[in-house]
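Data file: final_4.csv. Format and content: CSV, C-alpha atoms (C1' of nucleotides).
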```csv
chain,number,residue,atom,x,y,z
S,1,MET,CA,-4.7,23.0,4.7
S,2,PRO,CA,-2.7,26.1,5.6
S,3,SER,CA,-0.7,27.8,2.9
S,4,PRO,CA,2.2,29.9,3.9
S,5,HIS,CA,2.3,31.7,0.6
S,6,THR,CA,-0.3,33.9,-1.0
S,7,LEU,CA,-1.3,33.4,-4.6
S,8,ALA,CA,0.4,36.6,-5.7
S,9,GLU,CA,3.7,35.3,-4.2
S,10,THR,CA,3.3,32.0,-6.0
S,11,GLU,CA,2.6,33.8,-9.3
S,12,GLU,CA,5.7,35.9,-8.9
S,13,GLN,CA,7.8,32.8,-8.4
S,14,VAL,CA,6.3,30.9,-11.3
S,15,ALA,CA,6.9,33.9,-13.6
S,16,GLY,CA,10.6,33.8,-12.5
S,17,LYS,CA,10.8,30.1,-13.4
S,18,LEU,CA,9.2,30.4,-16.8
S,19,GLY,CA,10.1,33.9,-18.0
S,20,ALA,CA,7.9,35.2,-20.8
S,21,LEU,CA,5.9,32.0,-21.3
S,22,PRO,CA,2.2,32.9,-21.7
S,23,LEU,CA,0.7,31.2,-18.7
S,24,ASP,CA,-2.9,31.6,-17.6
S,25,PHE,CA,-2.7,32.6,-13.9
S,26,GLU,CA,-6.4,33.0,-13.5
S,27,ALA,CA,-7.0,29.4,-14.7
S,28,MET,CA,-4.2,28.3,-12.3
S,29,ALA,CA,-5.9,30.1,-9.4
S,30,VAL,CA,-9.3,28.6,-10.2
S,31,VAL,CA,-8.0,25.0,-10.3
S,32,SER,CA,-5.8,25.5,-7.3
S,33,ASN,CA,-8.5,27.0,-5.2
S,34,LEU,CA,-11.0,24.4,-6.4
S,35,PHE,CA,-9.0,21.6,-4.8
S,36,ARG,CA,-8.2,23.6,-1.7
S,37,ALA,CA,-11.8,24.4,-1.1
S,38,ALA,CA,-13.0,20.8,-1.8
S,39,ASN,CA,-10.5,19.3,0.5
S,40,ALA,CA,-11.1,21.8,3.3
S,41,THR,CA,-14.8,21.3,3.0
S,42,ARG,CA,-14.6,17.5,3.0
S,43,ASN,CA,-12.3,17.6,6.1
S,44,TYR,CA,-14.6,20.0,7.8
S,45,LEU,CA,-17.7,18.0,7.2
S,46,GLU,CA,-16.0,14.7,8.2
S,47,ARG,CA,-14.9,16.2,11.5
S,48,SER,CA,-18.0,18.2,12.4
S,49,VAL,CA,-20.7,15.8,11.3
S,50,LEU,CA,-19.5,12.4,10.2
S,51,ALA,CA,-16.8,11.6,12.8
S,52,ALA,CA,-19.4,11.1,15.5
S,53,THR,CA,-21.4,8.6,13.4
S,54,GLY,CA,-18.4,6.4,12.3
S,55,LEU,CA,-19.4,6.9,8.7
S,56,SER,CA,-16.8,7.5,6.0
S,57,TRP,CA,-17.5,10.2,3.4
S,58,THR,CA,-18.4,7.6,0.8
S,59,ALA,CA,-20.6,5.7,3.2
S,60,PHE,CA,-22.5,8.8,3.9
S,61,VAL,CA,-23.0,9.6,0.2
S,62,VAL,CA,-24.2,6.0,-0.4
S,63,LEU,CA,-26.6,6.3,2.5
S,64,TRP,CA,-27.9,9.7,1.3
S,65,VAL,CA,-28.5,8.6,-2.3
S,66,THR,CA,-30.2,5.4,-1.1
S,67,TRP,CA,-32.3,7.4,1.3
S,68,ILE,CA,-33.5,9.8,-1.3
S,69,TRP,CA,-34.2,7.3,-4.1
S,70,GLU,CA,-34.9,4.0,-2.5
S,71,PRO,CA,-35.6,1.4,-3.7
S,72,ILE,CA,-32.6,1.9,-6.0
S,73,GLU,CA,-30.3,-0.4,-8.0
S,74,THR,CA,-26.7,-0.5,-7.0
S,75,ARG,CA,-25.5,0.8,-10.4
S,76,GLN,CA,-27.6,3.9,-9.9
S,77,ILE,CA,-26.0,4.5,-6.5
S,78,ALA,CA,-22.5,4.3,-8.1
S,79,ASP,CA,-23.6,6.7,-10.8
S,80,GLU,CA,-25.1,9.3,-8.5
S,81,GLY,CA,-22.3,9.1,-6.0
S,82,GLY,CA,-19.5,9.2,-8.6
S,83,PHE,CA,-17.5,6.1,-7.5
S,84,SER,CA,-16.8,2.7,-9.0
S,85,LYS,CA,-19.0,-0.3,-8.6
S,86,ALA,CA,-16.1,-2.1,-6.9
S,87,THR,CA,-15.9,0.6,-4.2
S,88,LEU,CA,-19.7,0.4,-3.8
S,89,THR,CA,-19.7,-3.3,-3.2
S,90,GLY,CA,-17.5,-2.9,-0.1
S,91,VAL,CA,-19.3,0.1,1.3
S,92,LEU,CA,-22.7,-1.6,0.8
S,93,GLY,CA,-21.4,-4.6,2.8
S,94,THR,CA,-20.3,-2.4,5.6
S,95,LEU,CA,-23.6,-0.5,5.7
S,96,GLU,CA,-25.6,-3.7,5.5
S,97,VAL,CA,-23.7,-5.2,8.5
S,98,LYS,CA,-24.3,-2.0,10.5
S,99,GLY,CA,-28.0,-2.4,9.7
S,100,TYR,CA,-28.7,0.8,7.8
S,101,LEU,CA,-29.8,-0.8,4.6
S,102,LYS,CA,-30.3,-4.1,2.9
S,103,ARG,CA,-29.7,-5.7,-0.5
S,104,GLU,CA,-32.2,-7.8,-2.4
S,105,ARG,CA,-31.7,-9.5,-5.7
S,106,SER,CA,-34.2,-8.2,-8.3
S,107,ASP,CA,-37.0,-10.5,-9.3
S,108,LYS,CA,-37.1,-9.1,-12.8
S,109,ASP,CA,-33.4,-9.3,-13.6
S,110,GLY,CA,-31.2,-11.7,-11.6
S,111,ARG,CA,-28.1,-9.6,-12.2
S,112,LEU,CA,-29.5,-6.6,-10.5
S,113,VAL,CA,-29.5,-5.9,-6.7
S,114,ASN,CA,-32.0,-3.5,-5.2
S,115,VAL,CA,-31.1,-1.5,-2.1
S,116,THR,CA,-33.5,-0.2,0.5
S,117,MET,CA,-33.1,1.5,3.8
S,118,THR,CA,-33.9,-0.2,7.1
S,119,PRO,CA,-36.0,1.7,9.7
S,120,ALA,CA,-32.7,2.3,11.6
S,121,GLY,CA,-31.2,3.8,8.4
S,122,ARG,CA,-34.1,6.1,7.9
S,123,THR,CA,-34.0,7.2,11.5
S,124,LEU,CA,-30.4,8.0,11.2
S,125,MET,CA,-30.7,10.0,8.1
S,126,SER,CA,-33.7,11.9,9.2
S,127,THR,CA,-31.6,13.5,11.9
S,128,LEU,CA,-28.2,13.3,10.3
S,129,PHE,CA,-29.1,15.1,7.1
S,130,PRO,CA,-30.6,18.2,8.6
S,131,THR,CA,-27.4,18.5,10.7
S,132,PHE,CA,-25.3,18.0,7.6
S,133,ASN,CA,-27.3,20.6,5.7
S,134,ASP,CA,-26.9,23.0,8.5
S,135,HIS,CA,-23.1,22.8,8.2
S,136,GLU,CA,-23.4,23.2,4.4
S,137,ARG,CA,-25.2,26.4,5.1
S,138,THR,CA,-22.4,27.5,7.4
S,139,ILE,CA,-19.8,26.7,4.7
S,140,THR,CA,-21.5,29.0,2.2
S,141,SER,CA,-22.5,31.6,4.7
S,142,SER,CA,-20.0,34.2,3.5
S,143,LEU,CA,-21.7,34.4,0.1
S,144,ASP,CA,-24.9,36.1,-0.5
S,145,PRO,CA,-27.7,34.1,-2.1
S,146,LYS,CA,-27.1,35.5,-5.6
S,147,ARG,CA,-23.4,34.6,-5.5
S,148,ARG,CA,-24.2,31.2,-4.1
S,149,SER,CA,-26.3,30.4,-7.0
S,150,GLU,CA,-23.6,31.7,-9.4
S,151,LEU,CA,-21.0,29.6,-7.7
S,152,ALA,CA,-23.1,26.4,-8.2
S,153,ASP,CA,-23.6,27.3,-11.8
S,154,MET,CA,-19.9,27.9,-12.5
S,155,LEU,CA,-18.9,24.6,-10.8
S,156,ARG,CA,-21.5,22.8,-13.0
S,157,ALA,CA,-19.9,24.4,-16.1
S,158,ILE,CA,-16.5,23.1,-15.1
S,159,THR,CA,-17.8,19.7,-14.4
S,160,GLN,CA,-19.4,19.6,-17.8
S,161,VAL,CA,-16.1,20.5,-19.6
S,162,THR,CA,-14.1,17.9,-17.7
S,163,GLU,CA,-16.6,15.1,-17.7
S,164,GLY,CA,-17.5,15.6,-21.3
S,165,GLN,CA,-13.9,14.9,-22.5
S,166,ARG,CA,-13.6,11.4,-21.2
D,1,MET,CA,-19.3,11.1,-13.0
D,2,PRO,CA,-22.7,11.0,-14.7
D,3,SER,CA,-25.7,11.9,-12.7
D,4,PRO,CA,-29.0,10.5,-13.9
D,5,HIS,CA,-31.0,12.9,-11.8
D,6,THR,CA,-31.1,16.7,-12.0
D,7,LEU,CA,-30.8,18.9,-9.0
D,8,ALA,CA,-34.4,19.9,-9.2
D,9,GLU,CA,-35.5,16.2,-9.1
D,10,THR,CA,-33.3,15.6,-6.2
D,11,GLU,CA,-34.6,18.6,-4.3
D,12,GLU,CA,-38.2,17.4,-4.9
D,13,GLN,CA,-37.3,14.0,-3.4
D,14,VAL,CA,-35.6,15.5,-0.4
D,15,ALA,CA,-38.5,17.7,0.3
D,16,GLY,CA,-40.7,14.7,0.3
D,17,LYS,CA,-38.5,13.0,2.8
D,18,LEU,CA,-38.2,15.9,5.2
D,19,GLY,CA,-41.5,17.6,4.8
D,20,ALA,CA,-41.5,21.2,6.0
D,21,LEU,CA,-38.0,21.2,7.5
D,22,PRO,CA,-36.2,24.3,6.5
D,23,LEU,CA,-33.4,23.0,4.3
D,24,ASP,CA,-30.9,25.2,2.4
D,25,PHE,CA,-31.0,23.8,-1.1
D,26,GLU,CA,-28.6,26.4,-2.5
D,27,ALA,CA,-26.0,25.4,0.0
D,28,MET,CA,-26.6,21.7,-0.8
D,29,ALA,CA,-26.1,22.5,-4.5
D,30,VAL,CA,-22.9,24.4,-3.9
D,31,VAL,CA,-21.3,21.6,-1.8
D,32,SER,CA,-22.5,18.9,-4.1
D,33,ASN,CA,-21.2,20.6,-7.2
D,34,LEU,CA,-18.0,21.5,-5.5
D,35,PHE,CA,-17.1,17.8,-5.1
D,36,ARG,CA,-18.3,16.9,-8.5
D,37,ALA,CA,-16.2,19.6,-10.1
D,38,ALA,CA,-13.1,18.8,-8.1
D,39,ASN,CA,-13.3,15.1,-8.8
D,40,ALA,CA,-14.0,15.6,-12.5
D,41,THR,CA,-11.2,18.0,-12.8
D,42,ARG,CA,-8.7,15.8,-11.1
D,43,ASN,CA,-9.6,12.8,-13.2
D,44,TYR,CA,-9.4,14.9,-16.3
D,45,LEU,CA,-5.9,16.3,-15.5
D,46,GLU,CA,-4.7,12.9,-14.4
D,47,ARG,CA,-5.7,11.3,-17.7
D,48,SER,CA,-4.8,14.2,-20.1
D,49,VAL,CA,-1.5,15.3,-18.5
D,50,LEU,CA,-0.2,13.1,-15.8
D,51,ALA,CA,-0.9,9.6,-17.1
D,52,ALA,CA,1.9,9.8,-19.7
D,53,THR,CA,4.5,10.9,-17.1
D,54,GLY,CA,3.8,8.1,-14.6
D,55,LEU,CA,3.2,10.7,-11.8
D,56,SER,CA,0.4,10.5,-9.3
D,57,TRP,CA,-1.6,13.6,-8.5
D,58,THR,CA,0.2,14.0,-5.2
D,59,ALA,CA,3.6,13.5,-6.8
D,60,PHE,CA,2.9,16.2,-9.3
D,61,VAL,CA,1.9,18.6,-6.6
D,62,VAL,CA,5.0,17.8,-4.6
D,63,LEU,CA,7.1,18.4,-7.7
D,64,TRP,CA,5.4,21.6,-8.5
D,65,VAL,CA,5.7,23.1,-5.0
D,66,THR,CA,9.4,22.1,-4.8
D,67,TRP,CA,10.1,23.5,-8.3
D,68,ILE,CA,8.6,26.9,-7.4
D,69,TRP,CA,10.1,27.3,-4.0
D,70,GLU,CA,13.3,25.2,-3.9
D,71,PRO,CA,15.2,24.9,-1.7
D,72,ILE,CA,12.3,24.1,0.6
D,73,GLU,CA,11.8,22.2,3.8
D,74,THR,CA,9.6,19.1,3.8
D,75,ARG,CA,7.2,20.5,6.3
D,76,GLN,CA,6.5,23.4,4.0
D,77,ILE,CA,5.8,21.1,1.1
D,78,ALA,CA,3.2,19.3,3.1
D,79,ASP,CA,1.6,22.6,4.1
D,80,GLU,CA,1.5,24.0,0.6
D,81,GLY,CA,0.3,20.8,-0.9
D,82,GLY,CA,-2.3,20.0,1.8
D,83,PHE,CA,-1.4,16.4,2.7
D,84,SER,CA,0.1,14.7,5.7
D,85,LYS,CA,3.8,14.4,6.4
D,86,ALA,CA,3.4,10.6,6.4
D,87,THR,CA,2.2,10.8,2.8
D,88,LEU,CA,5.0,13.2,1.9
D,89,THR,CA,7.7,10.8,3.1
D,90,GLY,CA,6.6,8.1,0.7
D,91,VAL,CA,6.2,10.4,-2.3
D,92,LEU,CA,9.5,12.1,-1.7
D,93,GLY,CA,11.2,8.7,-1.7
D,94,THR,CA,9.6,7.8,-5.0
D,95,LEU,CA,10.6,11.1,-6.6
D,96,GLU,CA,14.1,10.8,-5.3
D,97,VAL,CA,14.5,7.3,-6.7
D,98,LYS,CA,13.2,8.6,-10.1
D,99,GLY,CA,15.8,11.3,-9.9
D,100,TYR,CA,13.6,14.4,-10.0
D,101,LEU,CA,14.7,15.8,-6.6
D,102,LYS,CA,17.0,15.2,-3.7
D,103,ARG,CA,16.9,15.4,0.1
D,104,GLU,CA,19.6,16.9,2.3
D,105,ARG,CA,19.6,17.2,6.1
D,106,SER,CA,19.8,20.8,7.2
D,107,ASP,CA,23.0,22.1,8.7
D,108,LYS,CA,21.3,24.5,11.0
D,109,ASP,CA,18.7,22.1,12.4
D,110,GLY,CA,19.3,18.3,12.4
D,111,ARG,CA,15.6,17.5,12.4
D,112,LEU,CA,14.8,19.3,9.1
D,113,VAL,CA,15.3,18.0,5.6
D,114,ASN,CA,15.8,20.4,2.7
D,115,VAL,CA,14.6,19.4,-0.8
D,116,THR,CA,16.0,20.6,-4.1
D,117,MET,CA,15.2,19.7,-7.7
D,118,THR,CA,17.7,17.9,-9.8
D,119,PRO,CA,18.4,19.1,-13.4
D,120,ALA,CA,16.3,16.3,-14.7
D,121,GLY,CA,13.5,17.4,-12.4
D,122,ARG,CA,13.7,21.0,-13.6
D,123,THR,CA,13.7,19.9,-17.2
D,124,LEU,CA,10.6,17.8,-16.6
D,125,MET,CA,8.7,20.7,-15.0
D,126,SER,CA,9.7,23.3,-17.5
D,127,THR,CA,7.8,21.4,-20.2
D,128,LEU,CA,5.2,19.7,-18.0
D,129,PHE,CA,3.8,22.7,-16.2
D,130,PRO,CA,3.0,24.7,-19.4
D,131,THR,CA,1.1,21.7,-20.7
D,132,PHE,CA,-0.7,21.4,-17.4
D,133,ASN,CA,-1.5,25.1,-17.4
D,134,ASP,CA,-2.8,24.8,-20.9
D,135,HIS,CA,-5.3,22.2,-19.8
D,136,GLU,CA,-6.2,24.4,-16.8
D,137,ARG,CA,-7.1,27.0,-19.3
D,138,THR,CA,-9.3,24.6,-21.2
D,139,ILE,CA,-11.1,23.7,-18.0
D,140,THR,CA,-12.1,27.3,-17.3
D,141,SER,CA,-12.6,28.2,-20.9
D,142,SER,CA,-16.4,28.3,-20.6
D,143,LEU,CA,-16.2,31.2,-18.1
D,144,ASP,CA,-15.3,34.7,-19.2
D,145,PRO,CA,-12.3,36.3,-17.4
D,146,LYS,CA,-14.5,38.3,-14.9
D,147,ARG,CA,-16.4,35.2,-13.8
D,148,ARG,CA,-13.2,33.2,-13.6
D,149,SER,CA,-11.8,35.7,-11.1
D,150,GLU,CA,-15.1,35.7,-9.1
D,151,LEU,CA,-15.0,31.9,-9.0
D,152,ALA,CA,-11.5,31.9,-7.5
D,153,ASP,CA,-12.6,34.4,-4.9
D,154,MET,CA,-15.6,32.5,-3.9
D,155,LEU,CA,-13.7,29.3,-3.6
D,156,ARG,CA,-11.2,31.1,-1.4
D,157,ALA,CA,-14.0,32.3,0.8
D,158,ILE,CA,-15.2,28.8,1.3
D,159,THR,CA,-11.7,27.6,2.1
D,160,GLN,CA,-11.4,30.2,4.7
D,161,VAL,CA,-14.6,29.3,6.5
D,162,THR,CA,-13.8,25.6,6.6
D,163,GLU,CA,-10.1,25.8,7.4
D,164,GLY,CA,-10.7,28.4,10.0
D,165,GLN,CA,-12.9,26.2,12.1
D,166,ARG,CA,-10.5,23.4,12.8
N,1,DA,C1',24.3,23.2,32.6
N,2,DG,C1',20.5,20.0,32.5
N,3,DC,C1',16.2,17.9,32.0
N,4,DG,C1',11.4,17.9,30.4
N,5,DA,C1',8.6,19.5,26.5
N,6,DT,C1',8.2,20.3,21.7
N,7,DT,C1',9.1,19.7,16.8
N,8,DT,C1',10.5,17.0,12.7
N,9,DG,C1',10.7,13.2,9.6
N,10,DT,C1',10.0,8.3,9.4
N,11,DT,C1',7.8,3.8,10.1
N,12,DC,C1',3.9,0.9,10.7
N,13,DG,C1',-0.8,-0.6,10.4
N,14,DG,C1',-5.1,0.2,8.6
N,15,DA,C1',-8.7,2.2,5.6
N,16,DT,C1',-10.1,3.5,1.1
N,17,DG,C1',-10.8,3.4,-3.7
N,18,DC,C1',-9.5,1.8,-8.3
N,19,DT,C1',-8.6,-1.4,-12.4
N,20,DA,C1',-8.8,-5.9,-14.3
N,21,DA,C1',-10.7,-10.4,-14.4
N,22,DC,C1',-14.5,-13.3,-13.3
N,23,DG,C1',-19.1,-15.9,-13.0
N,24,DA,C1',-23.9,-15.3,-13.4
N,25,DA,C1',-27.8,-13.6,-15.8
N,26,DC,C1',-29.8,-11.5,-19.6
N,27,DT,C1',-30.2,-10.1,-24.7
N,28,DT,C1',-29.6,-10.6,-29.6
N,29,DC,C1',-29.9,-12.6,-33.7
N,30,DG,C1',-29.4,-16.3,-36.9
T,1,DC,C1',-33.9,-22.8,-29.7
T,2,DG,C1',-28.9,-21.7,-28.8
T,3,DA,C1',-24.5,-19.7,-29.1
T,4,DA,C1',-22.1,-15.1,-29.0
T,5,DG,C1',-22.0,-10.9,-26.9
T,6,DT,C1',-23.4,-7.7,-23.2
T,7,DT,C1',-24.3,-6.2,-18.5
T,8,DC,C1',-24.3,-6.7,-13.7
T,9,DG,C1',-22.1,-7.2,-9.0
T,10,DT,C1',-18.3,-9.4,-6.8
T,11,DT,C1',-13.5,-10.6,-6.0
T,12,DA,C1',-8.5,-10.0,-6.1
T,13,DG,C1',-4.5,-7.3,-6.4
T,14,DC,C1',-2.6,-3.0,-6.2
T,15,DA,C1',-1.6,2.0,-5.1
T,16,DT,C1',-2.5,5.8,-2.3
T,17,DC,C1',-3.1,8.3,1.8
T,18,DC,C1',-3.7,9.0,6.7
T,19,DG,C1',-3.3,8.7,12.1
T,20,DA,C1',-0.5,7.0,15.8
T,21,DA,C1',3.7,5.8,17.7
T,22,DC,C1',8.5,6.6,17.6
T,23,DA,C1',13.6,8.3,17.7
T,24,DA,C1',16.5,12.1,17.0
T,25,DA,C1',17.3,16.9,17.5
T,26,DT,C1',16.2,21.2,19.4
T,27,DC,C1',14.2,24.5,22.6
T,28,DG,C1',12.8,26.4,27.1
T,29,DC,C1',12.9,27.0,31.7
T,30,DT,C1',15.1,27.0,36.0
```

Any chance you could give the structure as structure tokens?
Amino acid sequence: MPSPHTLAETEEQVAGKLGALPLDFEAMAVVSNLFRAANATRNYLERSVLAATGLSWTAFVVLWVTWIWEPIETRQIADEGGFSKATLTGVLGTLEVKGYLKRERSDKDGRLVNVTMTPAGRTLMSTLFPTFNDHERTITSSLDPKRRSELADMLRAITQVTEGQR
Amino acid sequence: MPSPHTLAETEEQVAGKLGALPLDFEAMAVVSNLFRAANATRNYLERSVLAATGLSWTAFVVLWVTWIWEPIETRQIADEGGFSKATLTGVLGTLEVKGYLKRERSDKDGRLVNVTMTPAGRTLMSTLFPTFNDHERTITSSLDPKRRSELADMLRAITQVTEGQR
DNA sequence: AGCGATTTGTTCGGATGCTAACGAACTTCG
DNA sequence: CGAAGTTCGTTAGCATCCGAACAAATCGCT
């Protein structure tokens, strides 16, 4: 996502458009860079890790959550992953056909569906996730450990504000 | 995007899955929280600001970039906004029909299309953007000014690493 | 000048993800 | 019990966005 204009140039232009209006440029920069970083990171991970596996981003998240917490109910997967249950239905179908996980109706509650990994799914994740994490490390490599932890904290704070007001 | 499990619980589970493998949990936390924060922020802004206008997120970005830099070539809009030119074609069509901007073939280069705002488009943005910025301020309100600026810097650093390696 | 290579915006087909509506299963409470 | 309400996963319909292929325009090289 290349950007021909620097932030300073953009601010100058905005100031020209809105005159003396009291805008918060710092907040603007945070939000703008948040999306830029998230998109760039997702594209990077999709190309460097996921492309070879044929997994979509969401499919990988589903696989990851299931791998960590199995056996797990589908509604929990949707919660952890942050997408709708309708989306999950489709992705679970795909992953089941590919043989990475399987669904089973719950004995205790006929509405629920429990999801578990297949051996093939576990094999895949046990090699795929370390690779993934290695690239995550690369992504944050320009920040020293202290700043890395601060960054995670601040992102959590933003999530809390925006998720709280729903 | 509620998450029933804390990061610490997740780390514990992952450690159980991968044993003594040297994983970088800090990097994992940064990436995970990056997506969570970006999604939550986008949802928040779509509901609190954009829903009333009937604009999609992408449409708003296109409008904003055009507003700031008009007259502007379409390829520049795609660059600044970070989406494909195929996506841009459709969004530009919608915004042109709604009367917020207009396209004109370039005199100098017959392949290029220049985009300018209509008066209606400028009127919209001159009230919409201050509202938008006000919510951006809310989003970052839990961070003091110094940390806000550090956050923007760190996000920029991440973008640079991930965009550079394409 | 002329012809192949490149660039640009558009079109097309496909993938993805969401909301709303639904049926099935469970819970609540009279 | 049993009827009303709730919760769950699925389905259907819709909007969004992208990559690949394409036509038109321009550029570059001889």

Worksheet item: Counting all atoms listed in the file, which residues of chain N come no farther than 12 Å from chain D, as number ranges by chain?
Response: N: 7-12

Residues of chain D at most 6 Å from chain S: nearest atom pair and distance in Å, only C-alpha atoms, as a tab-separated table:
```
residue	atom	partner	partner_atom	distance
D:Met1	CA	S:Gly82	CA	4.8
D:Pro2	CA	S:Asp79	CA	5.9
D:Ser3	CA	S:Glu80	CA	5.0
D:Ala27	CA	S:Arg137	CA	5.3
D:Val30	CA	S:Ala152	CA	4.7
D:Asn33	CA	S:Leu155	CA	5.9
D:Ala37	CA	S:Thr159	CA	4.6
D:Ala38	CA	S:Phe35	CA	6.0
D:Ala40	CA	S:Thr162	CA	5.7
D:Thr41	CA	S:Thr162	CA	5.7
D:Tyr44	CA	S:Thr162	CA	5.7
D:Asp79	CA	S:Pro2	CA	5.7
D:Glu80	CA	S:Ser3	CA	5.0
D:Gly82	CA	S:Met1	CA	4.8
D:Glu136	CA	S:Ala27	CA	5.5
D:Arg137	CA	S:Ala27	CA	5.2
D:Ala152	CA	S:Val30	CA	4.8
D:Leu155	CA	S:Ala37	CA	5.8
D:Thr159	CA	S:Ala37	CA	4.5
D:Thr162	CA	S:Thr41	CA	5.7
D:Glu163	CA	S:Ala40	CA	5.8
```

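Our summary of the geometry notes that CA of Ala51 (chain S) is positioned 14.3 Å from C1' of DA15 (chain N).
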
Worksheet item: What is the CA of Lys108 (chain S) to CA of Val61 (chain S) distance in Å?
Response: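 Separation of CA of Lys108 (chain S) and CA of Val61 (chain S): 26.8 Å.
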
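For the choices T:DC29, T:DC1, T:DT11, T:DT6, the atom-to-atom distance to chain S is smallest for T:DT11 when using all atoms listed in the file.
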
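Distance check against chain T using all atoms listed in the file: of S:Leu92, S:Ala59, S:Ala52, S:Leu101, the minimum falls on S:Leu92.
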
Worksheet item: DG13 (chain T): which residues within 12 Å, counting all atoms listed in the file, same-chain residues fewer than 4 positions away excluded, as a list in words?
Response: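 The residues satisfying every condition are DC18, DT19, DA20 and DA21 of chain N.
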
Item to complete: Rank nothing, just name the residue among T:DC18, T:DC27, T:DA12, T:DT7 nearest to chain D, using all atoms listed in the file.
Response: T:DC18

Please, which residues in chain T fall within 8 Å of chain S when counting only C-alpha atoms (C1' of nucleotides), and what is the closest atom pair and distance in Å to one decimal for each, ordered by chain then residue number, as a Markdown table?
```
| residue | atom | partner | partner_atom | distance |
| --- | --- | --- | --- | --- |
| T:DC8 | C1' | S:Arg111 | CA | 5.0 |
| T:DG9 | C1' | S:Arg111 | CA | 7.2 |
| T:DT10 | C1' | S:Thr89 | CA | 7.2 |
```

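The two atoms in question, C1' of DT16 (chain N) and CA of Trp57 (chain S), are spaced 10.2 Å apart.
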
Worksheet item: Near Leu95 (chain D), within 10 Å and counting only C-alpha atoms (C1' of nucleotides), which residues show up once chain neighbours fewer than 4 positions away are dropped, as a PyMOL selection string?
Response: chain D and resi 55+59-60+62-63+90-91+99-102+117+121

Worksheet item: Using all atoms listed in the file, which of the listed residues (N:DC22, N:DG13, N:DG4, N:DG30) sits closest to DT30 (chain T)?
Response: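 Nearest candidate to DT30 (chain T) out of N:DC22, N:DG13, N:DG4, N:DG30: N:DG4.
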
Incomplete region 128-139 of chain D filled out to N, CA and C atoms as an mmCIF file, keeping the file's coordinate frame:
```cif
data_model
loop_
_atom_site.group_PDB
_atom_site.id
_atom_site.type_symbol
_atom_site.label_atom_id
_atom_site.label_comp_id
_atom_site.auth_asym_id
_atom_site.auth_seq_id
_atom_site.Cartn_x
_atom_site.Cartn_y
_atom_site.Cartn_z
ATOM 1 N N LEU D 128 6.465 20.228 -18.512
ATOM 2 C CA LEU D 128 5.200 19.700 -18.000
ATOM 3 C C LEU D 128 4.248 20.729 -17.521
ATOM 4 N N PHE D 129 4.765 21.716 -16.823
ATOM 5 C CA PHE D 129 3.800 22.700 -16.200
ATOM 6 C C PHE D 129 3.111 23.536 -17.287
ATOM 7 N N PRO D 130 3.800 24.008 -18.329
ATOM 8 C CA PRO D 130 3.000 24.700 -19.400
ATOM 9 C C PRO D 130 1.931 23.859 -19.974
ATOM 10 N N THR D 131 2.195 22.586 -20.169
ATOM 11 C CA THR D 131 1.100 21.700 -20.700
ATOM 12 C C THR D 131 -0.012 21.629 -19.664
ATOM 13 N N PHE D 132 0.353 21.475 -18.411
ATOM 14 C CA PHE D 132 -0.700 21.400 -17.400
ATOM 15 C C PHE D 132 -1.501 22.693 -17.353
ATOM 16 N N ASN D 133 -0.828 23.824 -17.421
ATOM 17 C CA ASN D 133 -1.500 25.100 -17.400
ATOM 18 C C ASN D 133 -2.440 25.267 -18.618
ATOM 19 N N ASP D 134 -2.004 24.732 -19.722
ATOM 20 C CA ASP D 134 -2.800 24.800 -20.900
ATOM 21 C C ASP D 134 -4.146 24.069 -20.732
ATOM 22 N N HIS D 135 -4.091 22.942 -20.043
ATOM 23 C CA HIS D 135 -5.300 22.200 -19.800
ATOM 24 C C HIS D 135 -6.153 22.928 -18.706
ATOM 25 N N GLU D 136 -5.495 23.571 -17.763
ATOM 26 C CA GLU D 136 -6.200 24.400 -16.800
ATOM 27 C C GLU D 136 -7.043 25.446 -17.508
ATOM 28 N N ARG D 137 -6.432 26.015 -18.532
ATOM 29 C CA ARG D 137 -7.100 27.000 -19.300
ATOM 30 C C ARG D 137 -8.340 26.446 -20.013
ATOM 31 N N THR D 138 -8.167 25.248 -20.550
ATOM 32 C CA THR D 138 -9.300 24.600 -21.200
ATOM 33 C C THR D 138 -10.449 24.378 -20.190
ATOM 34 N N ILE D 139 -10.087 23.960 -18.991
ATOM 35 C CA ILE D 139 -11.100 23.700 -18.000
ATOM 36 C C ILE D 139 -11.949 24.881 -17.658
#
```
